[in-house]
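Novice: My questions all concern the structure below.
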Protein chains: 6
Amino acid sequence: MSLRTVKKTAESIRRLEIQGAKNIAKAAVKALKKVKETEYSEAAYILTEARPTEPMLRNILNYISHKMDEGYSLKESISFATDLMNASEKRIIEVGKEKIFNNYRILTHCHSSTVMSILKRAWAEGKRFEVFACEARPLYQGRITARELVKAGIPVTLIVDSAARYYMNDFDLVLVGGDAFTAEGYLVNKIGTSMIALAAHEALTEFATAIELLKYDPVTGKGKPEPIEERNPKEVWEKPPKNVRIKNPAFDVTPPDYIDFVITDAGITNPFNVQQLARENYPWMAK
Amino acid sequence: MSLRTVKKTAESIRRLEIQGAKNIAKAAVKALKKVKETEYSEAAYILTEARPTEPMLRNILNYISHKMDEGYSLKESISFATDLMNASEKRIIEVGKEKIFNNYRILTHCHSSTVMSILKRAWAEGKRFEVFACEARPLYQGRITARELVKAGIPVTLIVDSAARYYMNDFDLVLVGGDAFTAEGYLVNKIGTSMIALAAHEALTEFATAIELLKYDPVTGKGKPEPIEERNPKEVWEKPPKNVRIKNPAFDVTPPDYIDFVITDAGITNPFNVQQLARENYPWMAK
Amino acid sequence: MSLRTVKKTAESIRRLEIQGAKNIAKAAVKALKKVKETEYSEAAYILTEARPTEPMLRNILNYISHKMDEGYSLKESISFATDLMNASEKRIIEVGKEKIFNNYRILTHCHSSTVMSILKRAWAEGKRFEVFACEARPLYQGRITARELVKAGIPVTLIVDSAARYYMNDFDLVLVGGDAFTAEGYLVNKIGTSMIALAAHEALTEFATAIELLKYDPVTGKGKPEPIEERNPKEVWEKPPKNVRIKNPAFDVTPPDYIDFVITDAGITNPFNVQQLARENYPWMAK
Amino acid sequence: MSLRTVKKTAESIRRLEIQGAKNIAKAAVKALKKVKETEYSEAAYILTEARPTEPMLRNILNYISHKMDEGYSLKESISFATDLMNASEKRIIEVGKEKIFNNYRILTHCHSSTVMSILKRAWAEGKRFEVFACEARPLYQGRITARELVKAGIPVTLIVDSAARYYMNDFDLVLVGGDAFTAEGYLVNKIGTSMIALAAHEALTEFATAIELLKYDPVTGKGKPEPIEERNPKEVWEKPPKNVRIKNPAFDVTPPDYIDFVITDAGITNPFNVQQLARENYPWMAK
Amino acid sequence: MSLRTVKKTAESIRRLEIQGAKNIAKAAVKALKKVKETEYSEAAYILTEARPTEPMLRNILNYISHKMDEGYSLKESISFATDLMNASEKRIIEVGKEKIFNNYRILTHCHSSTVMSILKRAWAEGKRFEVFACEARPLYQGRITARELVKAGIPVTLIVDSAARYYMNDFDLVLVGGDAFTAEGYLVNKIGTSMIALAAHEALTEFATAIELLKYDPVTGKGKPEPIEERNPKEVWEKPPKNVRIKNPAFDVTPPDYIDFVITDAGITNPFNVQQLARENYPWMAK
Amino acid sequence: MSLRTVKKTAESIRRLEIQGAKNIAKAAVKALKKVKETEYSEAAYILTEARPTEPMLRNILNYISHKMDEGYSLKESISFATDLMNASEKRIIEVGKEKIFNNYRILTHCHSSTVMSILKRAWAEGKRFEVFACEARPLYQGRITARELVKAGIPVTLIVDSAARYYMNDFDLVLVGGDAFTAEGYLVNKIGTSMIALAAHEALTEFATAIELLKYDPVTGKGKPEPIEERNPKEVWEKPPKNVRIKNPAFDVTPPDYIDFVITDAGITNPFNVQQLARENYPWMAK
């Protein structure tokens with residue numbers, strides 16, 4: 001009975017009604033509130049299975065489990081988890097906003113709630129800058145980005161994804177969010193990110209990701225690959241001619257050589273040091 | 001009176017009802033058939049103005065003018081021009097098909113009639129290969145490519161533009177067409193081409209363009225820039241929110257360092273030698 | 001008297017009858033079993049001198065010394081050392097096998113017992129892949145690799161060392177072992193490794209090393225160079241003409257920029273973080 | 001009263017009568033000796049303001065503050081700070097001298113007291129090498145370097161800054177000091193350093209910086225930029241024609257990709273690991 | 001008697017009272033006016049020896065010789081040479097000015113009369129842009145550039161040579177002149193040029209040289225090296241301490257990979273095609 | 001009857017008793033001397049088939065045919081062909097020797113008679129330099145190089161192929177011969193060449209090929225691939241274990257980006273201009 005909400009949430013996650021690493025983690029934690037302690041394992045399993053490619057979800061469920069192992073009740077542990085997510089969100093914005101300067105021209109890709117928060121905070125503090133947003137085919141999340149920024153009064157220009165290199169020399173910073181970060185130092189993010197990062201590298205334009213350490217994926221430290229979700233081809237072309245195959249990978253992988261710095265809730269670092277920071281800040285991840 | 005067809009064709013070119021460097025040049029030449037010799041200059045001016053960014057159109061009109069200077073009638077000169085275009089088309093296919101090998105995995109971008117002809121000829125001669133096509137936002141010409149290839153029986157997979165790097169290591173060749181080629185050795189082609197070329201270069205995947213020497217733009221040899229058309233923002237987002245600016249460049253510019261070879265109607269060459277080949281083959285261009 | 005075995009082992013190491021970082025370390029530890037505690041320093045000195053270029057040997061002797069300093073007997077300390085080596089070997093295989101995927105085409109160079117174990121374990125678990133082996137002039141250890149793999153049923157192709165780049169675009173992974181790893185993040189391995197790594201980098205093919213943290217060389221952290229052994233020219237050409245000089249370096253040094261990830265007994269990491277992992281896992285190394 | 005010396009020292013620092021990160025820090029600490037404990041905050045503030053761009057100065061003042069928080073008197077804390085600076089200086093020389101080899105040809109830029117000490121120590125220990133020094137416009141500190149080396153008997157050649165690439169292939173090592181090191185892994189040093197580093201990278205010549213961990217700037221970990229001092233244009237051109245603008249940045253920023261290794265007082269490391277070493281060795285920095 | 005002027009001019013060239021490839025060539029041609037036909041060989045030899053590193057001087061003397069071989073008098077031949085130099089100067093300005101666009105930020109190095117003419121012509125035609133000039137140690141020709149531009153009303157900023165990379169991302173174009181161009185495609189120009197070109201390449205900033213085909217050096221096509229003048233050390237440091245060696249190369253060599261386009265009197269081209277253009281336009285060079 | 005010698009020579013070529021592009025061409029021409037004019041086509045066909053991968057052989061046979069078309073007898077045509085080969089050999093040595101300087105350290109790969117001639121000529125003219133030779137597995141032609149150089153008194157050091165990068169920073173020039181040159185600007189030469197060229201490029205060491213224009217392959221201009229010979233696996237490992245596959249490609253392909261200059265019989269040029277030079281010098285190739 002008490003797993004009903006969990007199952008429902010899991011279903012929403014599976015159907016992509018809930019999207020974005022952080023939203024998924026928050027929804028999952030919320031769904032756990034009605035769960036009995038004895039059911040925790042089963043609930044965590046159900047939620048994890050709904051989106052096996054989300055390290056933040058896995059990490060936060062592990063954290064709750066870890067807290068229960070330390071003797072806290074499930075309720076208390078959920079509370080710790082909520083606090084941890086809120087605190088890390090707050091801190092990453094505090095750090096990230098410092099990287100936005102007056103007169104900056106910034107490119108972003110897709111829609112990242114962390115990047116949105118950083119930009120809006122910097123703007124609210126009086127910094128004046130301009131944003132270009134790639135539209136992010138196939139689902140056009142770049143339009144959400146554009147709407148949100150323009151609503152906050154931030155000047156924004158939308159371009160097709162493949163125009164990123166055309167304008168690259170005009171940008172001072174490329175800033176994206178992230179879905180996962182690996183032990184090798186790779187960033188997993190919306191398809192197209194790695195190509196934009198490559199173009200930024202070619203043009204000596206700074207490329208940064210704002211990513212909470214809770215998105216570091218500890219299983220990559222054990223050699224496991226970070227799976228790349230293959231999504232519905234209809235997102236790309238609703239009624240393609242017969243025999244035209246469509247491939248629709250949701251993410252790609254940006255190598256550390258193209259990431260100039262990483263904005264985390266534990267401060268600024270370089271991509272090669274993220275593993276170390278995650279292990280130090282969240283020793284329970286190692287388990 | 002006799003300029004009516006010319007004006008109508010010019011209008012169709014302006015409205016993009018006629019697209020593609022070669023189609024435009026052919027339509028223009030066709031429209032000239034009803035023109036009197038004394039009107040040629042005016043007719044050529046009208047047609048050129050309809051699309052000032054198309055070197056092939058300009059070149060072929062100059063060629064006709066050059067032939068008339070040599071003493072041929074307009075009719076004869078038009079006939080020479082038609083022959084030249086047909087011959088160069090035939091030759092580029094003959095050369096290009098040799099670059100397609102069995103088991104090749106080829107990426108193409110946008111829709112190039114020259115690339116289509118090369119691939120279909122190679123297939124018709126019994127070579128078996130596979131094509132990936134980028135969709136080419138905003139106008140999805142990649143879908144035209146996919147339709148045309150699948151109709152010819154050639155296996156084709158469609159991907160969003162920003163997925164090109166994700167699959168790049170799997171490709172043996174990236175083959176695109178071209179709208180213009182400059183004295184410096186740069187290729188002007190559909191927006192996104194330069195980013196794909198960069199990703200091909202990064203992955204040591206061969207990148208080639210199939211481009212007739214008639215698309216070499218002699219004015220670039222005189223220092224003039226190759227203009228990049230900025231198109232209607234509605235192509236990108238029909239009803240954007242107020243204050244969201246949209247930029248929609250039609251082309252970008254690929255540097256010669258990322259072009260491994262060039263397929264021309266005068267044979268295979270490297271991008272740094274195209275200027276020389278154009279000048280040798282079409283000395284009238286220099287005028 | 002009790003140093004006789006030590007001296008004999010040292011001699012075998014010097015004569016290269018015992019080869020490979022791990023085999024040498026194991027033989028040295030075995031030889032210590034008959035040594036009196038009071039003779040330990042002398043014995044360790046004799047063994048170290050037999051091959052001053054082997055950090056694993058030095059590290060394991062230091063570890064024994066460190067354990068004795070903690071109050072354990074030599075016998076107990078030797079037992080700890082043996083356990084440590086066995087455990088780290090086991091763990092690196094567990095981690096490394098995860099990096100081998102179905103349908104992979106893998107290039108390896110020379111003969112690394114760690115790489116062999118990883119590949120055989122992955123095969124034993126049902127993964128199906130193919131290996132290319134460079135012959136590794138002058139001593140053709142690549143033939144040992146080929147023999148061992150083919151015996152395990154793994155498809156293997158042998159090529160001359162200089163053909164590595166010719167096939168590089170076909171590989172999914174280059175996987176090599178290692179003799180030493182430095183504070184700067186450099187890998188010391190069989191001559192030719194750095195050239196293969198460079199070619200892998202050029203082709204965007206993943207390059208990895210499987211190396212136990214016991215091969216991290218702490219003296220490099222103090223500024224000392226990792227010495228490169230210069231071996232007998234006769235290995236290269238038995239009877240060269242008079243006046244032809246022959247140079248025969250045993251190892252070369254691969255910079256971290258060409259190493260995509262590092263497989264260690266403490267998990268997957270990037271080359272820039274190896275120093276940190278070694279210091280954390282083996283604090284006694286710092287002495 | 002007791003702040004008079006502090007103010008005087010601050011003034012000397014501001015006027016650049018005292019130059020070099022280490023000299024400034026030492027002078028500041030010396031000036032604190034006459035200060036009362038209750039005045040420490042004010043004194044530290046005055047000194048910091050004299051040169052806000054010097055992390056070593058800020059760090060050492062924080063260290064004193066940290067020691068006082070631990071219960072030590074100001075006098076004792078100053079003594080700790082002095083010891084710390086002396087010890088780190090001694091250690092960085094011990095480590096650095098190991099990186100100088102016989103027959104080396106070394107390029108240095110500007111004048112770094114740490115680099116000078118390393119070179120002189122290596123020479124004193126019998127190593128024989130040769131140094132090229134860039135003159136370091138606009139203030140010609142390269143001449144100080146040349147004078148100092150030639151006085152120590154070390155062969156030295158002076159070149160203009162823009163000749164660095166011309167000779168780069170002849171060098172075995174480029175060795176510079178540093179003013180600051182950031183969380184991202186970037187080195188802040190005399191203008192021109194990054195261009196020399198780029199040229200070294202292009203030529204596969206090793207580029208290293210000798211920099212104490214006390215120059216790591218913890219505020220960069222919080223997202224703050226490392227400010228680049230803009231100095232008096234008269235240093236560049238004393239009497240320029242009217243309307244000629246002059247820009248005179250004192251420093252530039254070298255990315256970690258061009259830094260092959262870092263010589264610190266905690267040993268050799270790579271640029272991506274400096275943040276970690278600083279945080280481990282000086283946990284009080286985090287405050 | 002009639003060689004007196006020639007000898008005097010040769011002396012002025014040797015003493016660097018006459019500087020710049022074009023000025024030297026013009027002065028030499030002028031000096032020939034009083035020479036008898038029978039003395040031409042001797043006169044040409046004297047002038048060539050005065051500055052053996054100037055291909056333009058050698059080329060123009062060869063051209064005169066070639067014209068005399070064709071049957072023209074010396075006077076007529078000198079007239080042809082003067083016309084040729086004037087025409088090529090005029091044409092290179094016509095071509096070059098097209099490459100300057102409104103709002104451009106342009107970096108130049110040293111003082112090139114061709115670059116000056118191009119910039120001033122573009123400005124005179126109403127284009128509005130901004131120039132940064134490197135000071136060009138040791139002789140500060142950048143100050144001449146700054147003076148000349150500011151006099152023409154063009155905004156100019158002077159920086160030290162080693163600050164070029166610091167500002168590189170802000171520039172749209174780096175434009176320099178040239179002293180010689182080789183068969184391999186290399187540009188010989190003022191020391192520092194190649195380092196600036198490297199930094200431009202790193203930042204994807206366009207780098208161009210404006211160089212007349214008369215500066216192509218045909219002897220490089222025969223394998224001869226382009227000699228690099230080593231100048232008086234006193235230019236670098238008037239009174240250096242004893243034992244400080246000073247090296248003062250006047251030029252360096254920029255590889256074609258860093259030259260995005262070449263502005264010549266025969267139009268725009270790429271560096272790999274300069275040899276071909278020179279041979280076609282000046283077939284007499286081959287002799 | 002008269003084809004007997006041709007057939008015998010063809011057989012020797014097929015069996016590799018005659019090796020090297022130039023030796024093969026010379027042997028073929030010699031064999032033609034006994035052939036009747038009416039048999040020429042057949043003879044040429046037999047010889048071409050013996051080694052279809054040798055453009056020089058094909059070119060010289062075409063040249064003879066071309067001369068016969070011009071009305072010369074076979075005997076005269078053969079004489080022209082012999083003269084052409086001799087003259088081009090002589091000229092390439094004249095040009096190439098200029099690129100060898102005193103104190104140079106030169107790396108070569110495999111055995112090229114052209115490179116040998118250039119080095120020996122330079123040495124004979126008094127230049128003093130040193131050569132490193134890669135052994136060139138599997139057939140050790142590097143040993144032939146070493147023998148030949150040492151016999152000429154030139155200091156030579158032999159290394160295994162995979163040690164090329166280890167010593168690369170010490171070299172001033174890498175100089176190799178070539179088997180074929182393509183329209184795209186690629187060099188086809190002994191397996192390993194492209195890897196050495198890559199390492200030279202990485203280290204900013206000049207890489208050059210000495211190759212006669214007769215080795216330019218005109219069929220590559222028509223899109224045909226330059227075939228890479230796959231040789232007997234026994235050359236690599238005489239008695240490999242069962243199931244060990246061996247791949248033995250004879251050549252690899254070096255891209256123009258890694259070739260700093262090309263020494264041809266028509267002078268020095270860059271790789272992108274070779275096609276043009278070949279077409280100009282040998283217009284009969286186009287047929």
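Ligands are numbered from 1 in the order shown, chains are lettered A, B, ... in the order of the structure tokens, and residues start at 1 in each chain.
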Excluding range 64-74 of chain D and any residue of its chain fewer than 2 positions from it, enumerate the residues within 12 Å of it, using only C-alpha atoms, and give them as a ChimeraX atom specification.

Specialist: /D:25,28-29,32-45,57-62,76-85,282-287

Novice: Which of range 29-153 of chain A end up as strand (DSSP E) when DSSP is run on this backbone - answer as a PyMOL selection string?

Specialist: chain A and resi 105-109+130-134

Novice: Give me a file of those residues, with all heavy atoms, as a PDB file, in the first residue's frame.

Specialist:
```
ATOM      1  N   ARG A 105      29.305  37.574 -22.751  1.00  0.00           N
ATOM      2  CA  ARG A 105      28.389  36.917 -23.691  1.00  0.00           C
ATOM      3  C   ARG A 105      28.527  35.426 -23.433  1.00  0.00           C
ATOM      4  O   ARG A 105      29.606  34.860 -23.593  1.00  0.00           O
ATOM      5  CB  ARG A 105      28.754  37.255 -25.134  1.00  0.00           C
ATOM      6  CG  ARG A 105      28.753  38.758 -25.392  1.00  0.00           C
ATOM      7  CD  ARG A 105      28.965  39.091 -26.846  1.00  0.00           C
ATOM      8  NE  ARG A 105      27.702  39.038 -27.569  1.00  0.00           N
ATOM      9  CZ  ARG A 105      27.613  39.119 -28.901  1.00  0.00           C
ATOM     10  NH1 ARG A 105      28.712  39.231 -29.625  1.00  0.00           N
ATOM     11  NH2 ARG A 105      26.442  39.074 -29.507  1.00  0.00           N
ATOM     12  N   ILE A 106      27.441  34.820 -23.043  1.00  0.00           N
ATOM     13  CA  ILE A 106      27.469  33.438 -22.559  1.00  0.00           C
ATOM     14  C   ILE A 106      26.618  32.563 -23.460  1.00  0.00           C
ATOM     15  O   ILE A 106      25.492  32.916 -23.799  1.00  0.00           O
ATOM     16  CB  ILE A 106      26.912  33.392 -21.113  1.00  0.00           C
ATOM     17  CG1 ILE A 106      27.776  34.255 -20.187  1.00  0.00           C
ATOM     18  CG2 ILE A 106      26.833  31.959 -20.603  1.00  0.00           C
ATOM     19  CD1 ILE A 106      27.105  34.614 -18.892  1.00  0.00           C
ATOM     20  N   LEU A 107      27.175  31.400 -23.813  1.00  0.00           N
ATOM     21  CA  LEU A 107      26.375  30.421 -24.545  1.00  0.00           C
ATOM     22  C   LEU A 107      25.953  29.327 -23.579  1.00  0.00           C
ATOM     23  O   LEU A 107      26.759  28.855 -22.781  1.00  0.00           O
ATOM     24  CB  LEU A 107      27.202  29.800 -25.685  1.00  0.00           C
ATOM     25  CG  LEU A 107      26.507  28.674 -26.458  1.00  0.00           C
ATOM     26  CD1 LEU A 107      25.366  29.217 -27.316  1.00  0.00           C
ATOM     27  CD2 LEU A 107      27.499  27.912 -27.330  1.00  0.00           C
ATOM     28  N   THR A 108      24.695  28.914 -23.663  1.00  0.00           N
ATOM     29  CA  THR A 108      24.288  27.738 -22.895  1.00  0.00           C
ATOM     30  C   THR A 108      23.570  26.772 -23.830  1.00  0.00           C
ATOM     31  O   THR A 108      23.182  27.132 -24.945  1.00  0.00           O
ATOM     32  CB  THR A 108      23.435  28.092 -21.666  1.00  0.00           C
ATOM     33  OG1 THR A 108      23.341  26.924 -20.837  1.00  0.00           O
ATOM     34  CG2 THR A 108      22.034  28.556 -22.047  1.00  0.00           C
ATOM     35  N   HIS A 109      23.448  25.538 -23.375  1.00  0.00           N
ATOM     36  CA  HIS A 109      22.842  24.501 -24.212  1.00  0.00           C
ATOM     37  C   HIS A 109      21.779  23.794 -23.382  1.00  0.00           C
ATOM     38  O   HIS A 109      21.984  23.552 -22.196  1.00  0.00           O
ATOM     39  CB  HIS A 109      23.932  23.515 -24.657  1.00  0.00           C
ATOM     40  CG  HIS A 109      23.436  22.436 -25.573  1.00  0.00           C
ATOM     41  ND1 HIS A 109      22.732  22.715 -26.714  1.00  0.00           N
ATOM     42  CD2 HIS A 109      23.541  21.084 -25.521  1.00  0.00           C
ATOM     43  CE1 HIS A 109      22.443  21.574 -27.342  1.00  0.00           C
ATOM     44  NE2 HIS A 109      22.925  20.577 -26.620  1.00  0.00           N
ATOM     45  N   GLU A 130      24.730  38.898 -21.494  1.00  0.00           N
ATOM     46  CA  GLU A 130      23.844  38.460 -22.561  1.00  0.00           C
ATOM     47  C   GLU A 130      23.993  36.952 -22.735  1.00  0.00           C
ATOM     48  O   GLU A 130      25.087  36.422 -22.562  1.00  0.00           O
ATOM     49  CB  GLU A 130      24.279  39.179 -23.850  1.00  0.00           C
ATOM     50  CG  GLU A 130      23.443  38.913 -25.050  1.00  0.00           C
ATOM     51  CD  GLU A 130      24.029  39.595 -26.297  1.00  0.00           C
ATOM     52  OE1 GLU A 130      25.055  40.297 -26.154  1.00  0.00           O
ATOM     53  OE2 GLU A 130      23.492  39.410 -27.384  1.00  0.00           O
ATOM     54  N   VAL A 131      22.914  36.279 -23.074  1.00  0.00           N
ATOM     55  CA  VAL A 131      22.967  34.825 -23.205  1.00  0.00           C
ATOM     56  C   VAL A 131      22.519  34.401 -24.608  1.00  0.00           C
ATOM     57  O   VAL A 131      21.581  34.967 -25.160  1.00  0.00           O
ATOM     58  CB  VAL A 131      22.076  34.133 -22.142  1.00  0.00           C
ATOM     59  CG1 VAL A 131      22.120  32.614 -22.288  1.00  0.00           C
ATOM     60  CG2 VAL A 131      22.516  34.542 -20.740  1.00  0.00           C
ATOM     61  N   PHE A 132      23.248  33.448 -25.171  1.00  0.00           N
ATOM     62  CA  PHE A 132      22.799  32.740 -26.368  1.00  0.00           C
ATOM     63  C   PHE A 132      22.381  31.340 -25.928  1.00  0.00           C
ATOM     64  O   PHE A 132      23.068  30.727 -25.108  1.00  0.00           O
ATOM     65  CB  PHE A 132      23.923  32.622 -27.397  1.00  0.00           C
ATOM     66  CG  PHE A 132      24.014  33.784 -28.348  1.00  0.00           C
ATOM     67  CD1 PHE A 132      24.244  35.074 -27.880  1.00  0.00           C
ATOM     68  CD2 PHE A 132      23.874  33.608 -29.729  1.00  0.00           C
ATOM     69  CE1 PHE A 132      24.344  36.155 -28.755  1.00  0.00           C
ATOM     70  CE2 PHE A 132      23.967  34.678 -30.613  1.00  0.00           C
ATOM     71  CZ  PHE A 132      24.192  35.957 -30.130  1.00  0.00           C
ATOM     72  N   ALA A 133      21.279  30.853 -26.456  1.00  0.00           N
ATOM     73  CA  ALA A 133      20.831  29.511 -26.089  1.00  0.00           C
ATOM     74  C   ALA A 133      20.662  28.667 -27.341  1.00  0.00           C
ATOM     75  O   ALA A 133      20.000  29.078 -28.292  1.00  0.00           O
ATOM     76  CB  ALA A 133      19.497  29.602 -25.339  1.00  0.00           C
ATOM     77  N   CYS A 134      21.282  27.489 -27.336  1.00  0.00           N
ATOM     78  CA  CYS A 134      21.032  26.536 -28.427  1.00  0.00           C
ATOM     79  C   CYS A 134      19.647  25.935 -28.222  1.00  0.00           C
ATOM     80  O   CYS A 134      19.237  25.684 -27.090  1.00  0.00           O
ATOM     81  CB  CYS A 134      22.078  25.421 -28.390  1.00  0.00           C
ATOM     82  SG  CYS A 134      23.709  25.963 -28.903  1.00  0.00           S
TER      83      CYS A 134
END
```

Novice: Report as number ranges by chain all protein, DNA and RNA residues lying within 8 Å of Pro271 in chain D, evaluated on only C-alpha atoms, omitting residues in the same chain fewer than 4 positions from it.

Specialist: D: 185-186, 256, 259-262

Novice: Write a file of the selected residues as a compact mmCIF listing (two decimals), in the first residue's frame, keeping N, CA and C atoms.

Specialist:
```txt
# COMPACT_ATOMS: atom_id res chain seq x y z
N GLY D 185 43.62 25.43 -11.78
CA GLY D 185 44.90 24.89 -12.24
C GLY D 185 45.70 25.87 -13.08
N TYR D 186 45.37 27.13 -13.04
CA TYR D 186 46.04 28.14 -13.84
C TYR D 186 47.15 28.83 -13.05
N PRO D 256 46.56 25.09 -17.45
CA PRO D 256 47.27 23.87 -16.99
C PRO D 256 47.73 22.97 -18.13
N ILE D 259 51.35 23.33 -18.74
CA ILE D 259 52.27 23.19 -17.60
C ILE D 259 52.55 21.71 -17.39
N ASP D 260 53.77 21.30 -17.68
CA ASP D 260 54.07 19.87 -17.63
C ASP D 260 54.22 19.36 -16.20
N PHE D 261 54.80 20.18 -15.35
CA PHE D 261 54.82 19.80 -13.93
C PHE D 261 54.98 21.05 -13.08
N VAL D 262 54.67 20.88 -11.81
CA VAL D 262 54.72 21.97 -10.86
C VAL D 262 55.66 21.57 -9.73
```

Novice: Considering only C-alpha atoms, state which residue in the set C:Asp172, C:Gln276, C:Pro241, C:Lys247 is at the smallest distance from chain B.

Specialist: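 Of C:Asp172, C:Gln276, C:Pro241, C:Lys247, the one nearest chain B, counting only C-alpha atoms, is C:Asp172.
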
Novice: Compile the residues of chain B that lie within 10 Å of chain A, evaluated using only C-alpha atoms, and express the compilation as an MDAnalysis selection string.

Specialist: chainID B and resid 132:133 135:138 140 143 146:147 149:151 153:167 190:196 198:199 202 233 236:237 240:254

Novice: Can you work out the spacing between CA of Asn23 in chain E and CA of Met56 in chain E in Å, to one decimal?

Specialist: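 Atom-to-atom, CA of Asn23 in chain E and CA of Met56 in chain E are spaced 9.9 Å apart.
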